[in-house]
Amino acid sequence: MALVSMNQLLYRAESLNCAVGAFSVGNMEMIMGALSAAEEMNTPIILQIAEKRLQQSPLSLMAPMMVSAAKESRVDIAVHLDHGLTLECVKAALDYGFSSVMLDASLLPYDENIATTEQVVAMAGEYGATVEAELGVVGGNEGDTAEHKIVCTDPDTALDFCNRTRVDALAVAIGNAHGNYPVLPALRFDILEQIHKKTDVPLVLHGGTGITDEMFRRAISLGIRKINIATASFQALADHAKEYCLCVERADYFALSERMVNGVYENVKRHIAVFNNN
Ligand code: 13P
């Protein structure tokens with residue numbers, strides 16, 4: 001198996017009526033946990049990292065690990081730049097061999113979102129990489145300090161956006177938010193259904209942490225083909241590390257590392273089981 005384009009995994013998900021899990025990683029343990037879950041479930045996944053996270057986990061260190069993990073894996077894996085903020089970072093990720101990129105221009109005025117996305121599509125095209133874009137405003141934040149207020153994606157605008165930019169995948173805003181939900185969100189499945197009917201691109205659900213299995217299944221039935229999970233994995237790693245440290249007098253690095261891998265493995269495995277939808 002291999003490092004593959006994200007498009008390949010999205011087409012597979014479409015044909016199987018399931019979704020591919022896109023799991024955010026921030027260190028080696030997270031990569032190892034996600035990988036072993038995917039291999040055990042014999043299911044392709046996407047390994048991704050957001051540009052904001054590169055402050056703690058530099059691209060020059062993370063990218064070679066992510067790409068190498070994908071190449072060595074027993075299942076197909078796409079490596080994706082999540083929430084790129086600059087064209088420079090998008091280019092750097094592509095140069096490192098990422099098979100998919102996103103530059104999140106969703107907070108810009110509509111025409112600027114289109115113009116920026118067109119530049120990304122042109123750049124990624126030179127590498128044969130997949131492009132995801134976002135339309136509408138997903139709530140919460142992606143490592144940012146600002147909390148974004150949700151603005152649901154307009155279905156007609158989604159159609160226009162896809163036609164004009166020719167993106168491969170579209171992240172939608174349907175009441176979803178990054179981070180932990182204070183209360184269970186009321187996702188706008190009616191809006192998702194309209195977007196799905198009007199567009200023919202695979203749709204992406206951000207803010208996967210805290211969404212119920214039933215909601216995931218309903219979203220998949222309405223065209224969601226990629227689901228992003230970040231907070232739940234970071235939390236699982238931290239919880240497992242804390243649990244270990246609390247029950248020993250002196251923490252051992254190697255045992256701690258194993259616990260961190262295991263925390264992420266369990267979280268990824270649980271989500272893959274739901275996203276496989278069988
Ligand atoms: P969560 O942190 O809510 O899982 O969201 C992940 C995400 O959408 C990354 O882009």
# chains A, B, ... in the order shown; residues from 1 in each chain; ligands from 1
>>> closest_atom_pairs(of="chain A", to="ligand 1", cutoff="7 Å", atoms="only C-alpha atoms and all ligand atoms", output="CSV")
residue,atom,partner,partner_atom_place_in_ligand_line,distance
A:Ser24,CA,ligand 1,9 (C),6.8
A:Ala50,CA,ligand 1,10 (O),7.0
A:Asp82,CA,ligand 1,10 (O),5.9
A:His83,CA,ligand 1,10 (O),6.4
A:Glu142,CA,ligand 1,10 (O),6.6
A:Ala177,CA,ligand 1,3 (O),6.1
A:His178,CA,ligand 1,3 (O),3.6
A:Gly179,CA,ligand 1,3 (O),3.9
A:Asn180,CA,ligand 1,3 (O),6.1
A:Leu205,CA,ligand 1,8 (O),6.9
A:His206,CA,ligand 1,8 (O),3.3
A:Gly207,CA,ligand 1,5 (O),3.3
A:Gly208,CA,ligand 1,4 (O),4.3
A:Thr209,CA,ligand 1,4 (O),3.8
A:Asn228,CA,ligand 1,8 (O),4.5
A:Ile229,CA,ligand 1,4 (O),3.6
A:Ala230,CA,ligand 1,4 (O),3.8
A:Thr231,CA,ligand 1,2 (O),3.7
A:Ala232,CA,ligand 1,4 (O),5.8
>>> residues_around(residues="Leu81 (chain A)", least_positions_apart="3", cutoff="8 Å", atoms="only C-alpha atoms", output="JSON, numbers by chain")
{"A": [48, 49, 50, 51, 84, 90, 93, 98, 100, 101, 102]}
>>> write_last_selection(atoms="N, CA, C and O atoms", output="PDB file, in the first residue's frame")
ATOM      1  N   GLN A  48      -3.291  14.353   8.686  1.00  0.00           N
ATOM      2  CA  GLN A  48      -3.266  15.778   8.356  1.00  0.00           C
ATOM      3  C   GLN A  48      -2.714  16.615   9.502  1.00  0.00           C
ATOM      4  O   GLN A  48      -2.701  16.214  10.661  1.00  0.00           O
ATOM      5  N   ILE A  49      -2.256  17.796   9.123  1.00  0.00           N
ATOM      6  CA  ILE A  49      -1.797  18.762  10.129  1.00  0.00           C
ATOM      7  C   ILE A  49      -2.186  20.148   9.644  1.00  0.00           C
ATOM      8  O   ILE A  49      -2.127  20.438   8.448  1.00  0.00           O
ATOM      9  N   ALA A  50      -2.631  20.993  10.584  1.00  0.00           N
ATOM     10  CA  ALA A  50      -3.050  22.360  10.239  1.00  0.00           C
ATOM     11  C   ALA A  50      -1.862  23.310  10.353  1.00  0.00           C
ATOM     12  O   ALA A  50      -0.981  23.112  11.198  1.00  0.00           O
ATOM     13  N   GLU A  51      -1.873  24.350   9.514  1.00  0.00           N
ATOM     14  CA  GLU A  51      -0.734  25.288   9.530  1.00  0.00           C
ATOM     15  C   GLU A  51      -0.522  25.886  10.922  1.00  0.00           C
ATOM     16  O   GLU A  51       0.606  26.061  11.360  1.00  0.00           O
ATOM     17  N   GLY A  84      -4.515  25.429   5.662  1.00  0.00           N
ATOM     18  CA  GLY A  84      -3.377  26.255   5.274  1.00  0.00           C
ATOM     19  C   GLY A  84      -3.788  27.721   5.361  1.00  0.00           C
ATOM     20  O   GLY A  84      -4.950  28.072   5.159  1.00  0.00           O
ATOM     21  N   VAL A  90       1.426  26.105   1.687  1.00  0.00           N
ATOM     22  CA  VAL A  90       0.855  25.125   0.759  1.00  0.00           C
ATOM     23  C   VAL A  90       1.970  24.578  -0.138  1.00  0.00           C
ATOM     24  O   VAL A  90       2.109  23.364  -0.329  1.00  0.00           O
ATOM     25  N   ALA A  93       4.332  22.259   1.772  1.00  0.00           N
ATOM     26  CA  ALA A  93       3.725  20.935   2.010  1.00  0.00           C
ATOM     27  C   ALA A  93       3.788  20.093   0.729  1.00  0.00           C
ATOM     28  O   ALA A  93       4.129  18.900   0.771  1.00  0.00           O
ATOM     29  N   PHE A  98       3.165  16.108   0.301  1.00  0.00           N
ATOM     30  CA  PHE A  98       1.767  15.973   0.712  1.00  0.00           C
ATOM     31  C   PHE A  98       0.935  15.717  -0.549  1.00  0.00           C
ATOM     32  O   PHE A  98       1.165  16.348  -1.590  1.00  0.00           O
ATOM     33  N   SER A 100      -2.303  16.213  -0.727  1.00  0.00           N
ATOM     34  CA  SER A 100      -3.520  17.017  -0.695  1.00  0.00           C
ATOM     35  C   SER A 100      -3.287  18.281   0.131  1.00  0.00           C
ATOM     36  O   SER A 100      -2.522  18.254   1.100  1.00  0.00           O
ATOM     37  N   VAL A 101      -3.953  19.362  -0.270  1.00  0.00           N
ATOM     38  CA  VAL A 101      -3.793  20.618   0.474  1.00  0.00           C
ATOM     39  C   VAL A 101      -5.121  21.366   0.589  1.00  0.00           C
ATOM     40  O   VAL A 101      -6.005  21.222  -0.246  1.00  0.00           O
ATOM     41  N   MET A 102      -5.188  22.172   1.640  1.00  0.00           N
ATOM     42  CA  MET A 102      -6.326  23.085   1.810  1.00  0.00           C
ATOM     43  C   MET A 102      -5.750  24.436   2.199  1.00  0.00           C
ATOM     44  O   MET A 102      -4.878  24.514   3.069  1.00  0.00           O
TER      45      MET A 102
END
>>> closest_atom_pairs(of="region 38-107 of chain A", to="region 113-129 of chain A", cutoff="12 Å", atoms="only C-alpha atoms", output="CSV")
residue,atom,partner,partner_atom,distance
A:Ala78,CA,A:Ala129,CA,9.9
A:Val79,CA,A:Ala129,CA,9.9
A:His80,CA,A:Ala129,CA,9.4
A:Leu81,CA,A:Ala129,CA,10.9
A:Gly84,CA,A:Val120,CA,10.2
A:Leu85,CA,A:Thr116,CA,10.5
A:Thr86,CA,A:Thr116,CA,9.7
A:Leu87,CA,A:Val120,CA,7.2
A:Glu88,CA,A:Val120,CA,10.4
A:Cys89,CA,A:Val120,CA,10.9
A:Val90,CA,A:Val120,CA,7.7
A:Lys91,CA,A:Met123,CA,7.5
A:Ala92,CA,A:Ala124,CA,11.2
A:Ala93,CA,A:Ala124,CA,10.1
A:Leu94,CA,A:Tyr127,CA,7.0
A:Asp95,CA,A:Tyr127,CA,8.4
A:Tyr96,CA,A:Tyr127,CA,10.8
A:Gly97,CA,A:Tyr127,CA,8.5
A:Phe98,CA,A:Ala129,CA,7.6
A:Ser99,CA,A:Ala129,CA,4.8
A:Ser100,CA,A:Ala129,CA,5.0
A:Val101,CA,A:Ala129,CA,7.2
A:Met102,CA,A:Val120,CA,7.9
A:Leu103,CA,A:Thr117,CA,7.1
A:Asp104,CA,A:Asn113,CA,8.2
A:Ala105,CA,A:Asn113,CA,4.9
A:Ser106,CA,A:Asn113,CA,6.1
A:Leu107,CA,A:Asn113,CA,7.8
>>> write_last_selection(atoms="C-alpha atoms", output="compact mmCIF listing (two decimals), in the first residue's frame")
# COMPACT_ATOMS: atom_id res chain seq x y z
CA ALA A 78 -3.21 10.44 1.92
CA VAL A 79 -1.22 13.20 3.62
CA HIS A 80 -3.03 16.52 3.80
CA LEU A 81 -2.32 20.11 4.83
CA GLY A 84 -3.38 26.26 5.27
CA LEU A 85 -3.11 29.99 5.86
CA THR A 86 -0.49 30.98 3.29
CA LEU A 87 0.44 29.95 -0.24
CA GLU A 88 4.04 29.55 1.00
CA CYS A 89 2.97 26.84 3.43
CA VAL A 90 0.86 25.13 0.76
CA LYS A 91 3.88 25.05 -1.56
CA ALA A 92 6.16 23.77 1.21
CA ALA A 93 3.73 20.93 2.01
CA LEU A 94 3.53 19.99 -1.68
CA ASP A 95 7.31 20.06 -1.94
CA TYR A 96 7.50 17.66 1.01
CA GLY A 97 5.18 15.28 -0.86
CA PHE A 98 1.77 15.97 0.71
CA SER A 99 -0.84 14.50 -1.61
CA SER A 100 -3.52 17.02 -0.69
CA VAL A 101 -3.79 20.62 0.47
CA MET A 102 -6.33 23.08 1.81
CA LEU A 103 -5.90 26.82 2.05
CA ASP A 104 -8.72 28.08 4.23
CA ALA A 105 -9.88 31.32 2.64
CA SER A 106 -13.41 30.97 4.02
CA LEU A 107 -13.13 34.11 6.16
>>> closest_residue(among="A:Leu3, A:Ile45, A:Val204, A:Met30", to="Ser257 (chain A)", atoms="only C-alpha atoms")
A:Met30
>>> residues_around(residues="Asp156 (chain A)", least_positions_apart="4", cutoff="9 Å", atoms="only C-alpha atoms", output="PyMOL selection string")
chain A and resi 160-161+194-195+198-199
>>> write_last_selection(atoms="N, CA, C and O atoms", output="PDB file, in the first residue's frame")
ATOM      1  N   ASP A 160     -21.908  27.474  -7.337  1.00  0.00           N
ATOM      2  CA  ASP A 160     -21.131  28.470  -8.079  1.00  0.00           C
ATOM      3  C   ASP A 160     -19.638  28.337  -7.742  1.00  0.00           C
ATOM      4  O   ASP A 160     -18.781  28.353  -8.631  1.00  0.00           O
ATOM      5  N   PHE A 161     -19.345  28.177  -6.455  1.00  0.00           N
ATOM      6  CA  PHE A 161     -17.954  28.075  -5.986  1.00  0.00           C
ATOM      7  C   PHE A 161     -17.256  26.859  -6.610  1.00  0.00           C
ATOM      8  O   PHE A 161     -16.134  26.960  -7.110  1.00  0.00           O
ATOM      9  N   GLN A 194     -29.271  19.855   0.564  1.00  0.00           N
ATOM     10  CA  GLN A 194     -29.360  20.742  -0.617  1.00  0.00           C
ATOM     11  C   GLN A 194     -27.999  20.903  -1.295  1.00  0.00           C
ATOM     12  O   GLN A 194     -27.916  20.900  -2.523  1.00  0.00           O
ATOM     13  N   ILE A 195     -26.950  21.060  -0.483  1.00  0.00           N
ATOM     14  CA  ILE A 195     -25.605  21.210  -1.069  1.00  0.00           C
ATOM     15  C   ILE A 195     -25.252  19.947  -1.849  1.00  0.00           C
ATOM     16  O   ILE A 195     -24.743  20.000  -2.972  1.00  0.00           O
ATOM     17  N   LYS A 198     -27.075  19.764  -5.155  1.00  0.00           N
ATOM     18  CA  LYS A 198     -26.657  20.744  -6.171  1.00  0.00           C
ATOM     19  C   LYS A 198     -25.240  20.508  -6.690  1.00  0.00           C
ATOM     20  O   LYS A 198     -24.940  20.822  -7.826  1.00  0.00           O
ATOM     21  N   THR A 199     -24.360  20.020  -5.833  1.00  0.00           N
ATOM     22  CA  THR A 199     -22.953  19.894  -6.243  1.00  0.00           C
ATOM     23  C   THR A 199     -22.630  18.415  -6.444  1.00  0.00           C
ATOM     24  O   THR A 199     -23.325  17.553  -5.937  1.00  0.00           O
TER      25      THR A 199
END
>>> atom_distance(atom1="CA of Ala13 (chain A)", atom2="CA of Lys52 (chain A)")
27.9 Å
>>> residues_around(residues="region 186-188 of chain A", least_positions_apart="6", cutoff="12 Å", atoms="only C-alpha atoms", output="list in words")
Val138, Gly139, Ile150, Val151, Cys152, Thr153, Asp154, Pro155, Val172, Ala173, Ile174, Gly175, Asn176, Ala177, Gln194, Ile195, Leu205, His206, Gly207, Gly208, Gly210, Ile211, Thr212, Glu214, Met215, Phe216, Arg218, Ala219 and Leu222 of chain A
>>> residues_around(residues="Val75 (chain A)", least_positions_apart="6", cutoff="8 Å", atoms="only C-alpha atoms", output="list in words")
Met1, Ala2, Ala38, Glu39, Asn42, Thr43 and Pro44 of chain A
>>> select_by_dssp(residues="region 152-186 of chain A", states="helix (DSSP H, G or I)", output="PyMOL selection string")
chain A and resi 155-165
>>> write_last_selection(atoms="N, CA and C atoms", output="short mmCIF file (atom, residue, chain, number, x, y, z; two decimals), in the first residue's frame")
data_model
loop_
_atom_site.label_atom_id
_atom_site.label_comp_id
_atom_site.auth_asym_id
_atom_site.auth_seq_id
_atom_site.Cartn_x
_atom_site.Cartn_y
_atom_site.Cartn_z
N PRO A 155 -26.29 26.73 -0.33
CA PRO A 155 -26.20 25.70 -1.37
C PRO A 155 -25.97 26.26 -2.78
N ASP A 156 -26.65 27.35 -3.14
CA ASP A 156 -26.44 27.92 -4.49
C ASP A 156 -25.03 28.46 -4.65
N THR A 157 -24.54 29.10 -3.59
CA THR A 157 -23.17 29.63 -3.64
C THR A 157 -22.17 28.48 -3.73
N ALA A 158 -22.49 27.38 -3.06
CA ALA A 158 -21.59 26.21 -3.10
C ALA A 158 -21.46 25.72 -4.54
N LEU A 159 -22.58 25.68 -5.25
CA LEU A 159 -22.55 25.24 -6.65
C LEU A 159 -21.68 26.17 -7.49
N ASP A 160 -21.91 27.47 -7.34
CA ASP A 160 -21.13 28.47 -8.08
C ASP A 160 -19.64 28.34 -7.74
N PHE A 161 -19.34 28.18 -6.46
CA PHE A 161 -17.95 28.08 -5.99
C PHE A 161 -17.26 26.86 -6.61
N CYS A 162 -17.94 25.73 -6.60
CA CYS A 162 -17.33 24.51 -7.14
C CYS A 162 -17.13 24.63 -8.64
N ASN A 163 -18.12 25.19 -9.35
CA ASN A 163 -17.99 25.36 -10.80
C ASN A 163 -16.82 26.27 -11.15
N ARG A 164 -16.67 27.33 -10.37
CA ARG A 164 -15.64 28.32 -10.72
C ARG A 164 -14.24 27.88 -10.31
N THR A 165 -14.11 27.19 -9.19
CA THR A 165 -12.75 26.86 -8.70
C THR A 165 -12.29 25.46 -9.12
#
>>> atom_distance(atom1="CA of Leu61 (chain A)", atom2="CA of Val25 (chain A)")
12.2 Å
